[in-house]
Structures are given as C-alpha cells and as structure tokens.
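Enquirer: Provided herewith: target15.csv, CSV, C-alpha atoms.
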chain,number,residue,atom,x,y,z
A,21,MET,CA,10.1,9.7,-25.5
A,22,ALA,CA,7.1,8.1,-27.1
A,23,GLN,CA,7.4,4.4,-27.9
A,24,TYR,CA,7.4,3.5,-31.6
A,25,ARG,CA,6.4,0.1,-32.9
A,26,LEU,CA,7.7,0.1,-36.4
A,27,THR,CA,6.8,-2.6,-39.0
A,28,MET,CA,9.6,-4.5,-40.5
A,29,SER,CA,9.3,-2.5,-43.7
A,30,GLN,CA,9.4,0.8,-41.9
A,31,ARG,CA,12.4,-0.2,-39.9
A,32,GLU,CA,14.2,-1.4,-43.1
A,33,VAL,CA,13.6,1.9,-44.9
A,34,LEU,CA,14.5,4.0,-41.9
A,35,GLU,CA,17.8,2.0,-41.3
A,36,ALA,CA,18.6,2.5,-45.0
A,37,LEU,CA,17.9,6.3,-44.8
A,38,ILE,CA,20.1,6.7,-41.8
A,39,ARG,CA,22.9,4.7,-43.4
A,40,LEU,CA,22.8,6.7,-46.6
A,41,TYR,CA,22.5,10.0,-44.8
A,42,GLU,CA,25.6,9.2,-42.6
A,43,GLN,CA,27.6,8.1,-45.7
A,44,LYS,CA,26.7,11.0,-48.0
A,45,ARG,CA,25.8,13.8,-45.6
A,46,ARG,CA,23.1,15.2,-47.8
A,47,LEU,CA,19.4,14.8,-48.4
A,48,ILE,CA,18.7,11.3,-49.7
A,49,LYS,CA,16.4,10.4,-52.7
A,50,SER,CA,13.8,7.7,-52.4
A,51,LYS,CA,15.4,6.0,-55.5
A,52,GLU,CA,18.7,5.6,-53.5
A,53,ILE,CA,16.9,3.9,-50.7
A,54,ALA,CA,15.0,1.7,-53.1
A,55,GLU,CA,18.2,0.6,-54.8
A,56,LEU,CA,19.9,-0.1,-51.5
A,57,ILE,CA,17.2,-2.4,-50.1
A,58,ASN,CA,16.0,-3.7,-53.5
A,59,ARG,CA,12.4,-2.4,-53.2
A,60,ASP,CA,10.1,-0.6,-55.5
A,61,GLU,CA,10.5,3.2,-55.3
A,62,GLY,CA,6.8,3.8,-55.0
A,63,THR,CA,6.6,1.5,-52.0
A,64,VAL,CA,9.6,3.2,-50.4
A,65,ARG,CA,7.9,6.6,-50.9
A,66,ASN,CA,4.7,5.4,-49.2
A,67,ILE,CA,6.7,4.0,-46.3
A,68,ILE,CA,8.6,7.3,-46.0
A,69,LEU,CA,5.3,9.2,-45.8
A,70,SER,CA,4.3,7.0,-42.8
A,71,LEU,CA,7.6,7.6,-41.1
A,72,LYS,CA,7.2,11.3,-41.8
A,73,SER,CA,3.8,11.3,-40.0
A,74,LEU,CA,5.6,9.8,-37.0
A,75,GLY,CA,8.1,12.6,-36.9
A,76,LEU,CA,11.0,10.3,-37.9
A,77,VAL,CA,11.8,11.8,-41.4
A,78,GLU,CA,12.1,15.4,-42.7
A,79,SER,CA,11.7,16.2,-46.4
A,80,LYS,CA,12.4,19.0,-48.8
A,81,THR,CA,10.9,19.3,-52.3
A,82,GLY,CA,12.6,20.4,-55.5
A,83,PRO,CA,15.5,19.2,-57.6
A,84,SER,CA,17.9,19.3,-54.7
A,85,GLY,CA,15.4,17.9,-52.3
A,86,GLY,CA,15.1,14.6,-50.6
A,87,TYR,CA,14.8,13.0,-47.1
A,88,MET,CA,16.8,13.0,-43.9
A,89,PRO,CA,16.3,11.3,-40.5
A,90,THR,CA,15.3,13.4,-37.6
A,91,LEU,CA,17.0,13.1,-34.2
A,92,LYS,CA,13.9,11.2,-33.0
A,93,ALA,CA,14.7,8.6,-35.7
A,94,TYR,CA,18.2,8.1,-34.2
A,95,GLU,CA,16.6,7.8,-30.8
A,96,VAL,CA,14.3,5.1,-32.1
A,97,MET,CA,16.9,3.2,-34.0
A,98,LYS,CA,19.9,3.6,-31.7
A,99,GLY,CA,18.5,4.1,-28.2
A,100,ALA,CA,17.2,7.2,-26.4
A,101,VAL,CA,19.5,10.1,-25.7
A,102,THR,CA,18.2,10.0,-22.1
A,103,GLN,CA,20.4,7.0,-21.5
A,104,MET,CA,23.6,8.8,-22.6
A,105,PRO,CA,23.4,12.5,-21.4
A,106,VAL,CA,25.7,15.3,-22.5
A,107,LYS,CA,26.8,18.5,-20.8
A,108,LEU,CA,25.7,21.9,-21.8
A,109,ARG,CA,28.5,24.5,-22.6
A,110,LYS,CA,28.4,28.3,-22.7
A,111,ASP,CA,31.3,30.4,-24.0
A,112,GLY,CA,33.3,27.3,-24.3
A,113,GLU,CA,32.9,26.3,-20.7
A,114,GLU,CA,31.1,23.2,-19.5
A,115,LEU,CA,28.2,24.0,-17.2
A,116,ASP,CA,26.8,21.9,-14.4
A,117,ILE,CA,23.7,21.3,-16.5
A,118,THR,CA,23.1,17.9,-18.2
A,119,VAL,CA,21.0,17.6,-21.4
A,120,VAL,CA,19.0,14.4,-21.2
A,121,GLY,CA,16.8,15.0,-24.3
A,122,ILE,CA,16.8,16.9,-27.5
A,123,GLU,CA,13.9,17.6,-29.8
A,124,VAL,CA,14.7,19.4,-33.0
A,125,LEU,CA,11.9,21.4,-34.7
A,126,ASP,CA,11.6,23.1,-38.1
A,127,ILE,CA,15.0,21.6,-39.1
A,128,LEU,CA,14.7,22.7,-42.7
A,129,ASN,CA,13.5,26.2,-42.0
A,130,PRO,CA,15.8,28.5,-44.0
A,131,GLU,CA,15.8,31.0,-41.1
A,132,GLY,CA,17.1,28.4,-38.7
A,133,GLY,CA,15.4,25.6,-36.8
A,134,ARG,CA,14.6,25.4,-33.1
A,135,ALA,CA,15.2,22.8,-30.5
A,136,ILE,CA,13.8,21.9,-27.1
A,137,LEU,CA,16.3,20.7,-24.6
A,138,ARG,CA,15.3,18.7,-21.5
A,139,VAL,CA,17.9,19.3,-18.8
A,140,HIS,CA,18.9,18.5,-15.3
A,141,GLY,CA,20.6,21.2,-13.2
A,142,ASP,CA,20.1,24.7,-11.9
A,143,VAL,CA,19.1,26.4,-15.2
A,144,ARG,CA,18.4,29.8,-13.7
A,145,ARG,CA,21.9,30.0,-12.2
A,146,TYR,CA,23.8,29.4,-15.4
A,147,VAL,CA,21.6,30.3,-18.4
A,148,ARG,CA,19.6,33.3,-19.5
A,149,PRO,CA,17.7,34.2,-22.7
A,150,GLY,CA,20.1,35.5,-25.3
A,151,ASP,CA,23.0,33.3,-24.2
A,152,HIS,CA,24.8,31.3,-26.9
A,153,ILE,CA,25.1,27.7,-25.9
A,154,GLU,CA,26.5,24.4,-27.3
A,155,ILE,CA,25.5,20.8,-27.0
A,156,GLY,CA,27.2,17.7,-28.1
A,157,PRO,CA,28.3,15.5,-29.5
A,158,ALA,CA,25.1,13.7,-28.7
A,159,PRO,CA,26.3,10.1,-28.4
A,160,PHE,CA,23.4,8.6,-30.4
A,161,ALA,CA,24.2,10.5,-33.6
A,162,GLY,CA,27.4,12.5,-33.1
A,163,VAL,CA,25.3,15.6,-33.5
A,164,ARG,CA,26.6,19.0,-32.3
A,165,ILE,CA,24.2,21.9,-31.9
A,166,GLU,CA,24.8,25.6,-31.2
A,167,GLY,CA,22.1,28.1,-30.6
A,168,ASP,CA,20.8,31.1,-28.8
A,169,VAL,CA,18.5,30.7,-25.8
A,170,ILE,CA,14.9,31.9,-26.5
A,171,HIS,CA,13.0,30.7,-23.4
A,172,ILE,CA,13.7,28.9,-20.1
A,173,ASP,CA,11.2,26.9,-18.1
A,174,PRO,CA,12.9,25.9,-14.9
A,175,ALA,CA,9.8,24.2,-13.6
A,176,SER,CA,9.7,21.6,-16.4
A,177,GLY,CA,13.5,21.6,-16.9
A,178,GLN,CA,13.3,22.8,-20.5
A,179,ILE,CA,15.3,25.3,-22.6
A,180,SER,CA,14.1,26.5,-26.0
A,181,ILE,CA,16.8,27.6,-28.4
A,182,LYS,CA,17.1,29.0,-32.0
A,183,ILE,CA,19.7,26.8,-33.8
A,184,THR,CA,22.5,28.7,-35.3
A,185,ARG,CA,24.6,25.7,-36.3
A,186,MET,CA,24.1,21.9,-36.3
A,187,ILE,CA,26.5,19.4,-37.7
A,188,SER,CA,26.7,15.6,-37.6
A,189,VAL,CA,30.2,14.2,-37.0
A,190,PRO,CA,30.4,10.7,-38.4
A,191,LYS,CA,31.5,7.9,-36.0
A,192,ALA,CA,34.9,7.1,-37.5
A,193,PRO,CA,38.4,6.5,-36.3
A,194,VAL,CA,40.6,9.6,-36.2
A,195,MET,CA,42.9,8.0,-38.8
A,196,GLU,CA,40.2,8.5,-41.5
A,197,ALA,CA,40.8,12.3,-41.1
A,198,ALA,CA,44.4,12.4,-39.9
A,199,SER,CA,47.5,12.9,-41.9
A,200,ARG,CA,49.6,9.7,-41.8
A,201,ASN,CA,53.3,9.4,-41.1
A,202,PRO,CA,53.8,13.0,-40.2
A,203,ILE,CA,57.1,14.8,-40.4
A,204,THR,CA,58.9,14.8,-37.0
A,205,THR,CA,61.8,16.6,-35.5
A,206,THR,CA,64.3,16.0,-32.7
A,207,PRO,CA,64.9,18.1,-29.5
A,208,ASP,CA,68.4,19.1,-30.7
A,209,THR,CA,67.2,20.5,-34.1
A,210,PRO,CA,68.1,24.2,-34.4
A,211,ILE,CA,65.0,26.5,-34.4
A,212,THR,CA,66.1,28.2,-37.6
A,213,GLU,CA,66.4,24.8,-39.4
A,214,LEU,CA,62.9,23.8,-38.3
A,215,ALA,CA,61.4,27.1,-39.3
A,216,LYS,CA,62.7,26.7,-42.8
A,217,LEU,CA,61.3,23.1,-43.0
A,218,LEU,CA,57.8,24.2,-41.8
A,219,SER,CA,57.8,27.0,-44.2
A,220,GLU,CA,58.8,24.8,-47.1
A,221,LYS,CA,56.2,22.0,-46.2
A,222,ARG,CA,53.5,24.6,-45.3
A,223,ILE,CA,52.7,22.9,-42.0
A,224,ARG,CA,52.1,24.5,-38.6
A,225,GLY,CA,53.4,22.0,-36.1
A,226,VAL,CA,55.3,18.7,-35.7
A,227,PRO,CA,55.9,16.1,-33.1
A,228,VAL,CA,59.3,16.0,-31.3
A,229,VAL,CA,60.7,12.5,-31.1
A,230,GLU,CA,63.9,11.3,-29.3
A,231,ASP,CA,65.2,7.7,-29.5
A,232,GLY,CA,61.8,6.6,-30.9
A,233,ARG,CA,59.8,8.2,-28.0
A,234,LEU,CA,57.4,11.1,-28.3
A,235,VAL,CA,58.8,13.8,-26.1
A,236,GLY,CA,57.1,17.0,-27.2
A,237,ILE,CA,55.4,19.1,-29.9
A,238,ILE,CA,56.4,22.4,-31.4
A,239,THR,CA,54.4,24.7,-33.6
A,240,GLN,CA,54.8,27.7,-35.8
A,241,THR,CA,53.7,29.9,-32.9
A,242,ASP,CA,56.6,28.6,-30.8
A,243,LEU,CA,59.1,29.3,-33.5
A,244,THR,CA,57.8,32.8,-34.0
A,245,ARG,CA,58.2,33.5,-30.2
A,246,ALA,CA,61.7,32.1,-30.3
A,247,LEU,CA,62.7,34.4,-33.2
A,248,ALA,CA,60.9,37.4,-31.6
A,249,GLU,CA,63.0,36.9,-28.5
A,250,GLY,CA,66.2,36.9,-30.6
A,251,ARG,CA,67.0,33.2,-29.8
A,252,VAL,CA,68.3,32.3,-33.2
A,253,ASP,CA,70.7,29.9,-31.5
A,254,ALA,CA,67.9,28.0,-29.7
A,255,THR,CA,67.0,24.4,-30.3
A,256,VAL,CA,63.6,22.7,-30.5
A,257,ARG,CA,64.1,21.5,-26.9
A,258,ASP,CA,64.0,25.1,-25.6
A,259,TYR,CA,60.6,25.9,-27.0
A,260,MET,CA,58.7,22.6,-27.5
A,261,SER,CA,55.5,21.9,-25.4
A,262,THR,CA,55.4,18.9,-23.1
A,263,PRO,CA,53.7,16.7,-22.1
A,264,VAL,CA,52.0,16.1,-25.4
A,265,ILE,CA,48.2,15.6,-25.7
A,266,THR,CA,47.8,12.4,-27.8
A,267,ILE,CA,44.9,10.4,-29.1
A,268,ARG,CA,44.9,6.7,-30.1
A,269,GLU,CA,44.5,5.8,-33.7
A,270,THR,CA,41.4,3.7,-32.8
A,271,ASP,CA,39.7,6.6,-31.0
A,272,ASP,CA,36.6,8.3,-32.5
A,273,ILE,CA,36.8,11.7,-34.2
A,274,ASN,CA,34.4,13.1,-31.7
A,275,HIS,CA,37.0,12.3,-29.0
A,276,ALA,CA,39.5,14.3,-30.9
A,277,ILE,CA,37.2,17.3,-31.0
A,278,GLU,CA,36.6,17.0,-27.2
A,279,LEU,CA,40.3,16.9,-26.5
A,280,MET,CA,41.0,19.9,-28.7
A,281,ASN,CA,38.3,21.9,-27.0
A,282,LYS,CA,39.2,20.8,-23.5
A,283,HIS,CA,42.9,21.8,-23.9
A,284,ASP,CA,42.3,24.7,-26.3
A,285,ILE,CA,44.7,23.3,-28.9
A,286,GLY,CA,44.5,23.0,-32.7
A,287,ARG,CA,46.2,19.7,-33.3
A,288,LEU,CA,46.7,16.2,-31.7
A,289,VAL,CA,49.4,13.6,-32.2
A,290,VAL,CA,47.9,10.2,-33.1
A,291,VAL,CA,49.7,7.2,-31.6
A,292,ASP,CA,49.3,3.5,-31.9
A,293,SER,CA,49.0,1.0,-29.0
A,294,ALA,CA,52.8,1.1,-28.5
A,295,ASN,CA,52.8,4.9,-28.3
A,296,ASN,CA,54.5,5.3,-31.7
A,297,VAL,CA,53.6,8.4,-33.7
A,298,VAL,CA,51.4,7.4,-36.7
A,299,GLY,CA,49.6,10.6,-37.6
A,300,MET,CA,48.5,14.1,-36.8
A,301,ILE,CA,45.0,15.5,-36.8
A,302,THR,CA,44.1,19.2,-36.8
A,303,ARG,CA,40.9,21.2,-36.6
A,304,THR,CA,41.2,21.8,-40.3
A,305,ASP,CA,41.4,18.0,-40.9
A,306,VAL,CA,38.2,17.5,-38.9
A,307,LEU,CA,36.4,20.3,-40.7
A,308,LYS,CA,37.4,18.9,-44.1
A,309,PHE,CA,36.3,15.4,-43.1
A,310,ILE,CA,32.9,16.6,-41.9
A,311,ALA,CA,32.4,18.6,-45.1
A,312,GLY,CA,33.3,15.5,-47.1
A,313,LEU,CA,36.4,17.0,-48.5
A,314,LYS,CA,38.8,14.5,-47.0
A,315,LYS,CA,38.4,10.7,-47.4
Here is the file; what I need is its structure written in the form of structure tokens.
Expert:
Amino acid sequence: MAQYRLTMSQREVLEALIRLYEQKRRLIKSKEIAELINRDEGTVRNIILSLKSLGLVESKTGPSGGYMPTLKAYEVMKGAVTQMPVKLRKDGEELDITVVGIEVLDILNPEGGRAILRVHGDVRRYVRPGDHIEIGPAPFAGVRIEGDVIHIDPASGQISIKITRMISVPKAPVMEAASRNPITTTPDTPITELAKLLSEKRIRGVPVVEDGRLVGIITQTDLTRALAEGRVDATVRDYMSTPVITIRETDDINHAIELMNKHDIGRLVVVDSANNVVGMITRTDVLKFIAGLKK
C-alpha cells in the first residue's frame, strides 16, 4: 500500500468523515463534517477534493449525494489490511486462500463495482472465473464483500471480482442488536405448552434453563418435528439441542455472524461473564441493525 502523509487538516476531515459514515451508514454532506469539526464548509470541501485525488474519498452528486470513505481510507487511518488477513470463502466454505489486500474500484457504479484481491494460496486449485466468493469481515472496517470472479492472475496472486454485495458491519457489542431478557423454558416443559407459547409470542426459539444453568436451546423446527412424529406427550428435554452455541455480551457483532455461519444456525444465546442468559441474537436482528432499523 502506498504511504500517505496527510496534513493535520486532511486527517481531521477524514477522521470526521469515517466517524459520521459509520454512525449514519449513508453518504455524508460536507456541511455535516464542517459542523462536527467546527470548520468552514468551503474549507472542508477543498480538503475533501484533495482527499479524493488521493483515492481516499468517493463522492456522488445530486440531492441525495455526498461523500464516503474508501477502503484505502480505512487502511490509512486504521492500519493496513495486510497486517490482519482474512480467509476467502466459496459456497459458504472457507478456502485455504488468505486475502491480504483489497482494493475497491468504481464503488458508486450503479452496475456494481469491482475489487482487486491480493491473495496468498493456490488460487488455481480453488477458484475459477464465474465462481461466487465471499470475503470478510475485513478487520479494519468490518466490511463484507461478495462477488463473482472475473479474472485470476496466479503469477501476481490477484483475483478480480465484480461486487454483487458489500456491507459494512459496525463494530459494536452484540447486545446493541440482541433482544434482552429473552423468554426461557425448562427441560420438563411439555412440547405442546411451549408450541402454544412460541405461537403467541411470535418467536422461533428459546433457551432452555435448569436450576439457573443454560442446558439447551429449542426452536420452532424442533417442535414441528416432535408433533410430526406424533410425540404430543414429549417434553422439551426430548427435542432440545445441546450443547448450546453461545456468545458473550461484550463480543462484537461480527463474531456473532462468524459463529452463525460456522455452525449454520440462525440464532445465538447471549451470556454474561457468569454464563447467565442475558439475551438472544438472530440473523434478523443483525440485518435490522446493519440497516439501521434497530438501535
């Protein structure tokens, strides 16, 4: 990555842009930056132009336009991605290929941007043009990228992709997205009783607690299977899943996504340092949080 020697003013404006973009998750106006750092808006626009020439800022004109930091901006302000590599995935499976650099191009192109991935590993063995691949979250920005492979250059260790989806997952504790104090059940609760409760509350799964300890989790799918098998006399103990995949309340939302993907599950039980159940986080909770629908 090229070395950038930013002036104090450039660094101040870029830091403000990144902070606002992560908070609001939309294009940012120069007026908003000026208000945040208490600078003249005209001065801020001039500084943004200089940052844009360095490839650190993207812009879009029009009433809904504004500015956003590029991935290079995150590298400059928060450290190069080459220091914190991520694995490449294809069809949900992690490959023995490490992405050590990401350069996003044409990010505001309505037909979809492109990205150049610098990788380590036997590219020809695992990846071919047309494959759909996933990267992320990139540690420097919590960015996740999906795309279709356009070209592979094994000699230089580069993969060119057309981006089909790119999201930035904010660095935040899971409890900012999770449901607090979830409904729980016990192992001895009858299946029919729990099925009625889940239907009334419109929830799809609950933790199973016995003597204050988390001992399992049971979902609507488990209940449907029990009833399909004619086990109307069954209890939660007969159909609950164990051991339970949990996440600490202080862990990052990106870690929750990784656990759900790794174990192919749609929900996690959130526990505190004493392993007490304090929340539940689902894929829907994560998506709402990313979209700004859940605060």
Enquirer: Counting all atoms listed in the file, which of A:Val256, A:Val235, A:Leu47, A:Ala197 gets nearest to Ala215 in chain A?
Expert: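 Checking each of A:Val256, A:Val235, A:Leu47, A:Ala197 against Ala215 in chain A, counting all atoms listed in the file, the winner is A:Val256.
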Enquirer: Need the shell around Arg145 in chain A: protein/DNA/RNA residues with any atom at most 12 Å away, counting only C-alpha atoms. Skip same-chain ones fewer than 5 positions apart. Format as a ChimeraX atom specification?
Expert: /A:115-117,172,174
Enquirer: For a cutoff of 12 Å around the file-coordinate point (15.8, -2.7, -47.7), which residues qualify once you count all atoms listed in the file? I'd like the result as a PDB file with C-alpha atoms, in the coordinates of the input.
Expert:
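Wrote it out as selection-v7.pdb, contents follow:
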ATOM      1  CA  MET A  28       9.600  -4.500 -40.500  1.00  0.00           C
ATOM      2  CA  SER A  29       9.300  -2.500 -43.700  1.00  0.00           C
ATOM      3  CA  GLN A  30       9.400   0.800 -41.900  1.00  0.00           C
ATOM      4  CA  ARG A  31      12.400  -0.200 -39.900  1.00  0.00           C
ATOM      5  CA  GLU A  32      14.200  -1.400 -43.100  1.00  0.00           C
ATOM      6  CA  VAL A  33      13.600   1.900 -44.900  1.00  0.00           C
ATOM      7  CA  LEU A  34      14.500   4.000 -41.900  1.00  0.00           C
ATOM      8  CA  GLU A  35      17.800   2.000 -41.300  1.00  0.00           C
ATOM      9  CA  ALA A  36      18.600   2.500 -45.000  1.00  0.00           C
ATOM     10  CA  LEU A  37      17.900   6.300 -44.800  1.00  0.00           C
ATOM     11  CA  ILE A  38      20.100   6.700 -41.800  1.00  0.00           C
ATOM     12  CA  ARG A  39      22.900   4.700 -43.400  1.00  0.00           C
ATOM     13  CA  LEU A  40      22.800   6.700 -46.600  1.00  0.00           C
ATOM     14  CA  SER A  50      13.800   7.700 -52.400  1.00  0.00           C
ATOM     15  CA  LYS A  51      15.400   6.000 -55.500  1.00  0.00           C
ATOM     16  CA  GLU A  52      18.700   5.600 -53.500  1.00  0.00           C
ATOM     17  CA  ILE A  53      16.900   3.900 -50.700  1.00  0.00           C
ATOM     18  CA  ALA A  54      15.000   1.700 -53.100  1.00  0.00           C
ATOM     19  CA  GLU A  55      18.200   0.600 -54.800  1.00  0.00           C
ATOM     20  CA  LEU A  56      19.900  -0.100 -51.500  1.00  0.00           C
ATOM     21  CA  ILE A  57      17.200  -2.400 -50.100  1.00  0.00           C
ATOM     22  CA  ASN A  58      16.000  -3.700 -53.500  1.00  0.00           C
ATOM     23  CA  ARG A  59      12.400  -2.400 -53.200  1.00  0.00           C
ATOM     24  CA  ASP A  60      10.100  -0.600 -55.500  1.00  0.00           C
ATOM     25  CA  GLU A  61      10.500   3.200 -55.300  1.00  0.00           C
ATOM     26  CA  THR A  63       6.600   1.500 -52.000  1.00  0.00           C
ATOM     27  CA  VAL A  64       9.600   3.200 -50.400  1.00  0.00           C
ATOM     28  CA  ILE A  67       6.700   4.000 -46.300  1.00  0.00           C
TER      29      ILE A  67
END
Enquirer: Which is closest to Ile181 in chain A among A:Leu288, A:Ile155, A:Val228, A:Ile265, if we use all atoms listed in the file?
Expert: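 Among the listed residues, the smallest separation from Ile181 in chain A belongs to A:Ile155.
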Enquirer: If we count all atoms listed in the file and set the cut-off at 10 Å, which residues sit around Gly232 in chain A, ignoring sequence neighbours fewer than 2 positions away in its own chain? Please answer as a list in words.
Expert: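 Result of the neighbour search: Thr206, Val228, Val229, Glu230, Leu234, Val235, Asn295, Asn296 and Val297 of chain A.
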Enquirer: One decimal, in Å: what's the spacing between CA of Leu69 in chain A and CA of Gly85 in chain A?
Expert: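 Atom-to-atom, CA of Leu69 in chain A to CA of Gly85 in chain A, that is 14.8 Å.
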Enquirer: Which residues, written as a PyMOL selection string, have at least one atom at most 10 Å from Gln178 in chain A, with all atoms listed in the file counted and residues fewer than 6 positions away on the same chain left out?
Expert: chain A and resi 119+121-122+136-140+143+171-172
Enquirer: In Å, rounded to a single decimal, give me how far CA of Asp111 in chain A is from CA of Ser261 in chain A.
Expert: 25.7 Å
Enquirer: Excluding Leu76 in chain A and any residue of its chain fewer than 5 positions from it, enumerate the residues within 9 Å of it, using all atoms listed in the file, and give them as a list of chain:residue names.
Expert: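 Result of the neighbour search: A:Leu34, A:Ile68, A:Ser70, A:Leu71, A:Met88, A:Pro89, A:Thr90, A:Leu91, A:Lys92, A:Ala93, A:Tyr94, A:Val96.
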Enquirer: Give me, please, the distance in Å between CA of Met186 in chain A and CA of Leu108 in chain A, quoted to one decimal.
Expert: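 Atom-to-atom, CA of Met186 in chain A to CA of Leu108 in chain A, that is 14.6 Å.
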Enquirer: Taking only C-alpha atoms into account, name the residue in A:Asn274, A:Asp208, A:Ser293, A:Val226 that is nearest to Asp253 in chain A.
Expert: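 The answer is A:Asp208, which sits nearest to Asp253 in chain A.
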Enquirer: For Pro263 in chain A, which residue out of A:Arg245, A:Gly286, A:Ile237, A:Asp231 is the nearest one, using all atoms listed in the file?
Expert: A:Ile237
Enquirer: From the list A:His152, A:Lys191, A:Arg109, A:Arg287, which residue is nearest Ile223 in chain A when using all atoms listed in the file?
Expert: A:Arg287
Enquirer: When you count all atoms listed in the file, which of these residues is closest to Thr266 in chain A: A:Gly133, A:Gly236, A:Pro193, A:Pro202?
Expert: A:Gly236
Enquirer: Give me, as a ChimeraX atom specification, all polymer residues having an atom no more than 6 Å from Val298 in chain A, counting all atoms listed in the file and skipping those fewer than 2 positions away in the same chain.
Expert: /A:200-201,290-291
Enquirer: Please dump the current selection as a compact mmCIF listing (two decimals), in the coordinates of the input; keep C-alpha atoms.
Expert:
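Listing of selection_8.txt after writing:
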# COMPACT_ATOMS: atom_id res chain seq x y z
CA ARG A 200 49.60 9.70 -41.80
CA ASN A 201 53.30 9.40 -41.10
CA VAL A 290 47.90 10.20 -33.10
CA VAL A 291 49.70 7.20 -31.60
Enquirer: Could you add whatever atoms are missing so that range 223-238 of chain A carries N, CA, C and O atoms, then write the result as a short mmCIF file (atom, residue, chain, number, x, y, z; two decimals), in the coordinates of the input?
Expert:
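Dumped everything to result.cif:
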data_model
loop_
_atom_site.label_atom_id
_atom_site.label_comp_id
_atom_site.auth_asym_id
_atom_site.auth_seq_id
_atom_site.Cartn_x
_atom_site.Cartn_y
_atom_site.Cartn_z
N ILE A 223 53.40 23.48 -43.14
CA ILE A 223 52.70 22.90 -42.00
C ILE A 223 53.00 23.73 -40.76
O ILE A 223 53.95 24.49 -40.72
N ARG A 224 52.12 23.60 -39.75
CA ARG A 224 52.10 24.50 -38.60
C ARG A 224 52.64 23.90 -37.33
O ARG A 224 52.77 24.58 -36.32
N GLY A 225 52.92 22.61 -37.34
CA GLY A 225 53.40 22.00 -36.10
C GLY A 225 53.85 20.56 -36.37
O GLY A 225 53.33 19.89 -37.27
N VAL A 226 54.83 20.09 -35.58
CA VAL A 226 55.30 18.70 -35.70
C VAL A 226 55.61 18.11 -34.38
O VAL A 226 55.96 18.80 -33.42
N PRO A 227 55.50 16.77 -34.28
CA PRO A 227 55.90 16.10 -33.10
C PRO A 227 57.40 16.07 -32.90
O PRO A 227 58.13 16.09 -33.89
N VAL A 228 57.84 16.04 -31.65
CA VAL A 228 59.30 16.00 -31.30
C VAL A 228 59.55 14.56 -30.81
O VAL A 228 58.95 14.13 -29.82
N VAL A 229 60.46 13.86 -31.47
CA VAL A 229 60.70 12.50 -31.10
C VAL A 229 62.22 12.30 -30.80
O VAL A 229 63.09 12.84 -31.49
N GLU A 230 62.49 11.55 -29.73
CA GLU A 230 63.90 11.30 -29.30
C GLU A 230 64.01 9.80 -28.98
O GLU A 230 63.24 9.28 -28.16
N ASP A 231 64.95 9.13 -29.65
CA ASP A 231 65.20 7.70 -29.50
C ASP A 231 63.85 6.92 -29.62
O ASP A 231 63.55 5.98 -28.86
N GLY A 232 63.06 7.32 -30.60
CA GLY A 232 61.80 6.60 -30.90
C GLY A 232 60.67 6.98 -29.98
O GLY A 232 59.55 6.48 -30.16
N ARG A 233 60.89 7.86 -28.98
CA ARG A 233 59.80 8.20 -28.00
C ARG A 233 59.32 9.64 -28.35
O ARG A 233 60.09 10.54 -28.67
N LEU A 234 58.02 9.81 -28.19
CA LEU A 234 57.40 11.10 -28.30
C LEU A 234 57.71 11.93 -27.08
O LEU A 234 57.31 11.55 -25.98
N VAL A 235 58.40 13.06 -27.24
CA VAL A 235 58.80 13.80 -26.10
C VAL A 235 58.22 15.26 -26.06
O VAL A 235 58.33 15.98 -25.07
N GLY A 236 57.60 15.67 -27.18
CA GLY A 236 57.10 17.00 -27.20
C GLY A 236 56.40 17.34 -28.53
O GLY A 236 56.32 16.50 -29.43
N ILE A 237 55.92 18.57 -28.64
CA ILE A 237 55.40 19.10 -29.90
C ILE A 237 55.76 20.53 -30.02
O ILE A 237 55.87 21.24 -29.02
N ILE A 238 56.04 20.97 -31.23
CA ILE A 238 56.40 22.40 -31.40
C ILE A 238 55.66 22.91 -32.64
O ILE A 238 55.47 22.21 -33.65
#
